[in-house]
>>> print(open('run-v1.pdb').read())   # PDB, C-alpha atoms and all ligand atoms
ATOM      1  CA  GLY A1176       0.000   0.000   0.000
ATOM      2  CA  ASP A1177       0.960   3.659  -0.020
ATOM      3  CA  SER A1178       0.289   4.472   3.596
ATOM      4  CA  ILE A1179       2.623   6.892   5.282
ATOM      5  CA  ASP A1180       3.813   4.397   7.873
ATOM      6  CA  GLU A1181       4.871   1.731   5.436
ATOM      7  CA  GLU A1182       8.501   0.890   5.970
ATOM      8  CA  CYS A1183      10.896   2.806   3.798
ATOM      9  CA  ASP A1184      14.550   3.727   3.912
ATOM     10  CA  TYR A1185      14.180   7.374   2.950
ATOM     11  CA  LEU A1186      11.493  10.003   2.696
ATOM     12  CA  PHE A1187      12.071  12.627   0.007
ATOM     13  CA  LYS A1188       9.941  15.725  -0.196
ATOM     14  CA  ALA A1189       9.564  17.439  -3.555
ATOM     15  CA  VAL A1190       7.334  20.284  -4.684
ATOM     16  CA  LEU A1191       5.443  21.100  -7.855
ATOM     17  CA  ILE A1192       5.479  24.747  -8.927
ATOM     18  CA  GLY A1193       4.537  26.784 -11.966
ATOM     19  CA  ASP A1194       1.632  28.899 -13.161
ATOM     20  CA  SER A1195      -1.945  27.883 -12.634
ATOM     21  CA  GLY A1196      -3.320  25.693 -15.417
ATOM     22  CA  VAL A1197      -0.033  24.252 -16.674
ATOM     23  CA  GLY A1198      -0.981  20.740 -15.513
ATOM     24  CA  LYS A1199       0.768  20.274 -12.167
ATOM     25  CA  SER A1200      -2.123  18.476 -10.494
ATOM     26  CA  ASN A1201      -2.628  16.190 -13.470
ATOM     27  CA  LEU A1202       1.073  15.338 -13.600
ATOM     28  CA  LEU A1203       0.851  14.392  -9.947
ATOM     29  CA  SER A1204      -2.325  12.338 -10.263
ATOM     30  CA  ARG A1205      -0.892  10.612 -13.321
ATOM     31  CA  PHE A1206       2.243   9.740 -11.381
ATOM     32  CA  SER A1207       0.594   8.752  -8.118
ATOM     33  CA  LYS A1208      -2.689   7.173  -9.293
ATOM     34  CA  ASP A1209      -2.439   6.972 -13.092
ATOM     35  CA  GLU A1210      -5.391   9.318 -13.400
ATOM     36  CA  PHE A1211      -6.078  12.279 -15.668
ATOM     37  CA  ARG A1212      -8.899  14.813 -15.367
ATOM     38  CA  LEU A1213     -10.129  17.040 -18.158
ATOM     39  CA  ASP A1214     -12.147  19.161 -15.779
ATOM     40  CA  SER A1215      -9.681  19.423 -12.935
ATOM     41  CA  LYS A1216     -10.688  22.012 -10.417
ATOM     42  CA  PRO A1217      -8.190  23.817  -8.229
ATOM     43  CA  THR A1218      -8.515  22.928  -4.590
ATOM     44  CA  ILE A1219      -7.555  25.239  -1.798
ATOM     45  CA  GLY A1220      -4.781  24.363   0.571
ATOM     46  CA  VAL A1221      -1.729  22.203   0.166
ATOM     47  CA  GLU A1222      -2.158  18.690  -1.141
ATOM     48  CA  PHE A1223       0.369  15.979  -1.493
ATOM     49  CA  ALA A1224       0.707  12.447  -2.720
ATOM     50  CA  TYR A1225       3.090   9.621  -2.008
ATOM     51  CA  ARG A1226       4.654   6.944  -4.100
ATOM     52  CA  ASN A1227       7.215   4.374  -3.129
ATOM     53  CA  ILE A1228      10.127   4.006  -5.501
ATOM     54  CA  LYS A1229      12.824   1.402  -5.483
ATOM     55  CA  VAL A1230      16.280   2.977  -5.905
ATOM     56  CA  ALA A1231      19.139   0.502  -5.982
ATOM     57  CA  ASP A1232      18.361  -1.675  -2.942
ATOM     58  CA  LYS A1233      16.540   1.062  -1.039
ATOM     59  CA  LEU A1234      12.883   1.934  -0.811
ATOM     60  CA  VAL A1235      12.294   5.662  -1.179
ATOM     61  CA  LYS A1236       8.995   7.246  -0.270
ATOM     62  CA  ALA A1237       8.552  10.255  -2.539
ATOM     63  CA  GLN A1238       6.252  12.826  -1.016
ATOM     64  CA  ILE A1239       5.193  15.253  -3.725
ATOM     65  CA  TRP A1240       3.496  18.501  -2.740
ATOM     66  CA  ASP A1241       1.066  20.305  -4.999
ATOM     67  CA  THR A1242       0.233  24.004  -4.715
ATOM     68  CA  ALA A1243      -3.468  23.225  -5.035
ATOM     69  CA  GLY A1244      -4.578  26.529  -6.488
ATOM     70  CA  GLN A1245      -2.517  28.842  -4.325
ATOM     71  CA  GLU A1246      -0.259  29.812  -7.211
ATOM     72  CA  ARG A1247      -2.991  32.240  -8.239
ATOM     73  CA  PHE A1248      -2.716  34.284  -5.141
ATOM     74  CA  ARG A1249       1.046  34.265  -4.760
ATOM     75  CA  ALA A1250       0.319  32.695  -1.427
ATOM     76  CA  ILE A1251       2.917  29.986  -1.466
ATOM     77  CA  THR A1252       4.879  30.361   1.703
ATOM     78  CA  SER A1253       8.283  29.226   2.819
ATOM     79  CA  SER A1254       6.737  26.229   4.598
ATOM     80  CA  TYR A1255       5.797  24.820   1.208
ATOM     81  CA  TYR A1256       9.467  24.707   0.227
ATOM     82  CA  ARG A1257      10.854  23.758   3.626
ATOM     83  CA  GLY A1258      12.740  20.482   3.551
ATOM     84  CA  ALA A1259      12.125  19.921  -0.153
ATOM     85  CA  LEU A1260      14.991  18.167  -1.902
ATOM     86  CA  GLY A1261      13.444  18.414  -5.343
ATOM     87  CA  ALA A1262      11.254  20.723  -7.376
ATOM     88  CA  ILE A1263       9.365  20.161 -10.604
ATOM     89  CA  LEU A1264       8.889  23.524 -12.303
ATOM     90  CA  VAL A1265       6.164  23.223 -14.901
ATOM     91  CA  TYR A1266       5.155  25.426 -17.830
ATOM     92  CA  ASP A1267       2.666  24.772 -20.633
ATOM     93  CA  ILE A1268       4.194  24.526 -24.127
ATOM     94  CA  SER A1269       0.976  26.040 -25.519
ATOM     95  CA  ALA A1270       1.031  29.064 -23.177
ATOM     96  CA  ARG A1271       3.951  31.418 -23.761
ATOM     97  CA  GLN A1272       3.345  33.383 -20.569
ATOM     98  CA  SER A1273       3.793  30.303 -18.401
ATOM     99  CA  PHE A1274       7.266  29.904 -19.911
ATOM    100  CA  GLU A1275       8.081  33.603 -19.419
ATOM    101  CA  ASN A1276       7.175  33.159 -15.761
ATOM    102  CA  VAL A1277       9.661  30.330 -15.234
ATOM    103  CA  ARG A1278      12.299  32.876 -14.242
ATOM    104  CA  ASN A1279      10.031  34.251 -11.510
ATOM    105  CA  TRP A1280       9.454  30.769 -10.152
ATOM    106  CA  LEU A1281      13.198  30.135 -10.184
ATOM    107  CA  ARG A1282      13.764  33.328  -8.231
ATOM    108  CA  GLU A1283      11.238  32.201  -5.643
ATOM    109  CA  LEU A1284      12.785  28.726  -5.515
ATOM    110  CA  ARG A1285      16.215  30.192  -4.900
ATOM    111  CA  GLU A1286      14.895  32.499  -2.241
ATOM    112  CA  PHE A1287      12.923  29.917  -0.260
ATOM    113  CA  GLY A1288      14.316  26.565  -1.330
ATOM    114  CA  ASN A1289      17.301  24.500  -0.418
ATOM    115  CA  SER A1290      20.396  25.583  -2.356
ATOM    116  CA  ASP A1291      21.219  22.074  -3.577
ATOM    117  CA  MET A1292      17.661  21.213  -4.576
ATOM    118  CA  VAL A1293      17.269  19.072  -7.700
ATOM    119  CA  ILE A1294      15.173  21.129 -10.109
ATOM    120  CA  VAL A1295      13.494  19.673 -13.178
ATOM    121  CA  LEU A1296      12.054  22.053 -15.754
ATOM    122  CA  VAL A1297       9.027  20.485 -17.425
ATOM    123  CA  GLY A1298       7.253  21.639 -20.578
ATOM    124  CA  ASN A1299       3.870  19.967 -20.211
ATOM    125  CA  LYS A1300       1.047  19.413 -22.762
ATOM    126  CA  SER A1301       3.405  18.186 -25.486
ATOM    127  CA  ASP A1302       0.319  16.612 -27.082
ATOM    128  CA  LEU A1303      -0.857  20.120 -28.085
ATOM    129  CA  SER A1304       1.604  20.383 -30.960
ATOM    130  CA  GLN A1305      -0.906  22.374 -33.067
ATOM    131  CA  SER A1306      -0.932  25.218 -30.579
ATOM    132  CA  ARG A1307       2.677  25.072 -29.469
ATOM    133  CA  GLN A1308       4.051  28.476 -28.412
ATOM    134  CA  VAL A1309       7.339  27.349 -26.855
ATOM    135  CA  GLU A1310       9.825  25.305 -28.860
ATOM    136  CA  GLU A1311      11.469  22.364 -27.173
ATOM    137  CA  GLU A1312      14.870  23.976 -27.870
ATOM    138  CA  GLU A1313      13.897  27.030 -25.823
ATOM    139  CA  GLY A1314      13.081  24.911 -22.808
ATOM    140  CA  LYS A1315      16.277  22.962 -23.263
ATOM    141  CA  SER A1316      18.501  26.018 -23.474
ATOM    142  CA  LEU A1317      16.872  27.741 -20.518
ATOM    143  CA  ALA A1318      17.416  24.586 -18.491
ATOM    144  CA  GLU A1319      21.037  24.407 -19.589
ATOM    145  CA  ALA A1320      21.660  28.048 -18.727
ATOM    146  CA  GLU A1321      20.107  27.603 -15.283
ATOM    147  CA  GLY A1322      21.595  24.204 -14.531
ATOM    148  CA  LEU A1323      18.297  22.317 -14.468
ATOM    149  CA  CYS A1324      17.166  18.993 -15.858
ATOM    150  CA  PHE A1325      14.621  19.282 -18.645
ATOM    151  CA  MET A1326      11.859  17.201 -20.186
ATOM    152  CA  GLU A1327       8.672  17.709 -22.163
ATOM    153  CA  THR A1328       5.676  15.743 -20.914
ATOM    154  CA  SER A1329       2.057  15.050 -21.602
ATOM    155  CA  ALA A1330      -0.048  14.242 -18.568
ATOM    156  CA  LEU A1331      -2.931  13.641 -20.985
ATOM    157  CA  GLU A1332      -1.163  11.027 -23.077
ATOM    158  CA  ASN A1333       1.055   9.854 -20.240
ATOM    159  CA  VAL A1334       4.320  10.715 -21.974
ATOM    160  CA  ASN A1335       7.480  11.107 -19.882
ATOM    161  CA  VAL A1336       5.523  11.664 -16.662
ATOM    162  CA  GLU A1337       6.973   8.671 -14.858
ATOM    163  CA  GLN A1338      10.407   9.615 -16.207
ATOM    164  CA  VAL A1339      10.327  13.118 -14.723
ATOM    165  CA  PHE A1340       9.525  11.925 -11.223
ATOM    166  CA  LEU A1341      11.869   8.956 -11.309
ATOM    167  CA  ASP A1342      14.803  10.979 -12.686
ATOM    168  CA  MET A1343      14.312  13.507  -9.927
ATOM    169  CA  VAL A1344      14.205  10.848  -7.232
ATOM    170  CA  TYR A1345      17.321   9.137  -8.621
ATOM    171  CA  LYS A1346      19.187  12.463  -8.700
ATOM    172  CA  ILE A1347      18.150  13.300  -5.149
ATOM    173  CA  HIS A1348      19.299   9.881  -4.066
ATOM    174  CA  GLU A1349      22.672  10.431  -5.746
ATOM    175  CA  ILE A1350      23.382  13.698  -3.972
ATOM    176  CA  THR A1351      22.050  12.732  -0.558
ATOM    177  CA  ARG A1352      23.614   9.345  -0.127
TER
HETATM  178  P1  LIG B   1      -2.565  23.071 -12.477
HETATM  179  O1  LIG B   1      -3.372  24.320 -12.238
HETATM  180  O2  LIG B   1      -1.152  23.419 -12.842
HETATM  181  O3  LIG B   1      -2.649  22.088 -11.364
HETATM  182  O4  LIG B   1      -3.182  22.379 -13.802
HETATM  183  P2  LIG B   1      -4.233  21.164 -13.892
HETATM  184  O5  LIG B   1      -3.562  19.864 -13.655
HETATM  185  O6  LIG B   1      -5.413  21.485 -13.056
HETATM  186  O7  LIG B   1      -4.591  21.236 -15.449
HETATM  187  C1  LIG B   1      -5.152  22.405 -16.021
HETATM  188  C2  LIG B   1      -5.882  22.035 -17.298
HETATM  189  O8  LIG B   1      -4.949  21.542 -18.271
HETATM  190  C3  LIG B   1      -6.932  20.930 -17.114
HETATM  191  O9  LIG B   1      -8.016  21.227 -17.946
HETATM  192  C4  LIG B   1      -6.222  19.679 -17.593
HETATM  193  O10 LIG B   1      -7.127  18.736 -18.089
HETATM  194  C5  LIG B   1      -5.303  20.248 -18.686
HETATM  195  N1  LIG B   1      -4.073  19.463 -18.869
HETATM  196  C6  LIG B   1      -3.202  19.075 -17.917
HETATM  197  N2  LIG B   1      -2.182  18.385 -18.440
HETATM  198  C7  LIG B   1      -2.404  18.321 -19.767
HETATM  199  C8  LIG B   1      -1.705  17.747 -20.880
HETATM  200  O11 LIG B   1      -0.642  17.115 -20.759
HETATM  201  N3  LIG B   1      -2.258  17.916 -22.129
HETATM  202  C9  LIG B   1      -3.411  18.604 -22.311
HETATM  203  N4  LIG B   1      -3.861  18.708 -23.561
HETATM  204  N5  LIG B   1      -4.099  19.155 -21.293
HETATM  205  C10 LIG B   1      -3.606  19.025 -20.048
HETATM  206 MG    MG B   2      -3.527  22.285  -9.492
END
>>> encode(input="run-v1.pdb", output="structure tokens")
Amino acid sequence: GDSIDEECDYLFKAVLIGDSGVGKSNLLSRFSKDEFRLDSKPTIGVEFAYRNIKVADKLVKAQIWDTAGQERFRAITSSYYRGALGAILVYDISARQSFENVRNWLRELREFGNSDMVIVLVGNKSDLSQSRQVEEEEGKSLAEAEGLCFMETSALENVNVEQVFLDMVYKIHEITR
């Protein structure tokens, strides 16, 4: 099961950030429950989900926090970031503004987050190729310039979602062991 008290060797906290509507909650539900919602509604308050991941011979419990609608009100506080070893910074490849705002999110991450946090930049909604406003190269070069990992995903079509979370957990494991 996925209960909090199940035996594990490590507990890693990671946070999801990025503009409202980019698909954070759907990435998380895809990863934690293999669910996708077309009509997802923002909930108020912090939500999180767990998933156990086998890394080498260890069992890691990944605790992923979701902003749950607060990104609209700039109400994310330092407690959201506290203790987080990883961050998944999401933009929407079909919404230019969400990509422009990545720098603001990075600034906030660097202000409130751990300095050696593993940060993955994610361009979500790669299935919307018809309405693409951000080229994959742009995401890649921003990530390179800022020292982040990078991947494009589709929560809808379940492309690269697992990979993003697993890569992050493996990287965290590498630097914390
Ligand atoms: P959040 O505000 O960042 O948590 O975004 P949500 O997960 O609530 O998603 C916002 C909207 O985008 C919803 O209507 C989702 O169905 C939709 N959405 C999320 N991920 C994808 C995706 O990969 N592809 C497409 N086409 N739509 C998506
Ligand atoms: Mg959400």
>>> resolve_selection(input="run-v1.pdb", expression="the PyMOL selection byres (((not hetatm)) within 8 of (chain B and resi 1))", output="PyMOL selection string")
chain A and resi 1192-1203+1211-1217+1241-1244+1265+1299-1303+1328-1333
>>> residues_near_point(input="run-v1.pdb", point="(18.4, 14.4, -7.7)", cutoff="12 Å", atoms="only C-alpha atoms", output="ChimeraX atom specification")
/A:1187-1189,1230,1237,1259-1263,1291-1295,1323-1324,1339-1352
>>> residues_around(input="run-v1.pdb", residues="Ser1269 of chain A", least_positions_apart="6", cutoff="8 Å", atoms="all atoms listed in the file", output="VMD selection string")
chain A and resid 1300 1303 to 1304 1306 to 1309
>>> closest_residue(input="run-v1.pdb", among="A:Leu1264, A:Leu1191, A:Val1334, A:Ala1318", to="ligand MG 2 (chain B)", atoms="only C-alpha atoms and all ligand atoms")
A:Leu1191
>>> residues_around(input="run-v1.pdb", residues="Asn1227 of chain A", least_positions_apart="3", cutoff="7 Å", atoms="all atoms listed in the file", output="PyMOL selection string")
chain A and resi 1234-1237
>>> residues_around(input="run-v1.pdb", residues="Ala1320 of chain A", least_positions_apart="6", cutoff="12 Å", atoms="all atoms listed in the file", output="list in words")
Arg1278, Leu1296, Glu1313 and Gly1314 of chain A
>>> write_last_selection(input="run-v1.pdb", atoms="C-alpha atoms", output="PDB file, keeping the file's coordinate frame")
ATOM      1  CA  ARG A1278      12.299  32.876 -14.242  1.00  0.00           C
ATOM      2  CA  LEU A1296      12.054  22.053 -15.754  1.00  0.00           C
ATOM      3  CA  GLU A1313      13.897  27.030 -25.823  1.00  0.00           C
ATOM      4  CA  GLY A1314      13.081  24.911 -22.808  1.00  0.00           C
TER       5      GLY A1314
END
>>> closest_residue(input="run-v1.pdb", among="A:Glu1283, A:Asp1267, A:Glu1327, A:Glu1275", to="Tyr1255 of chain A", atoms="only C-alpha atoms")
A:Glu1283
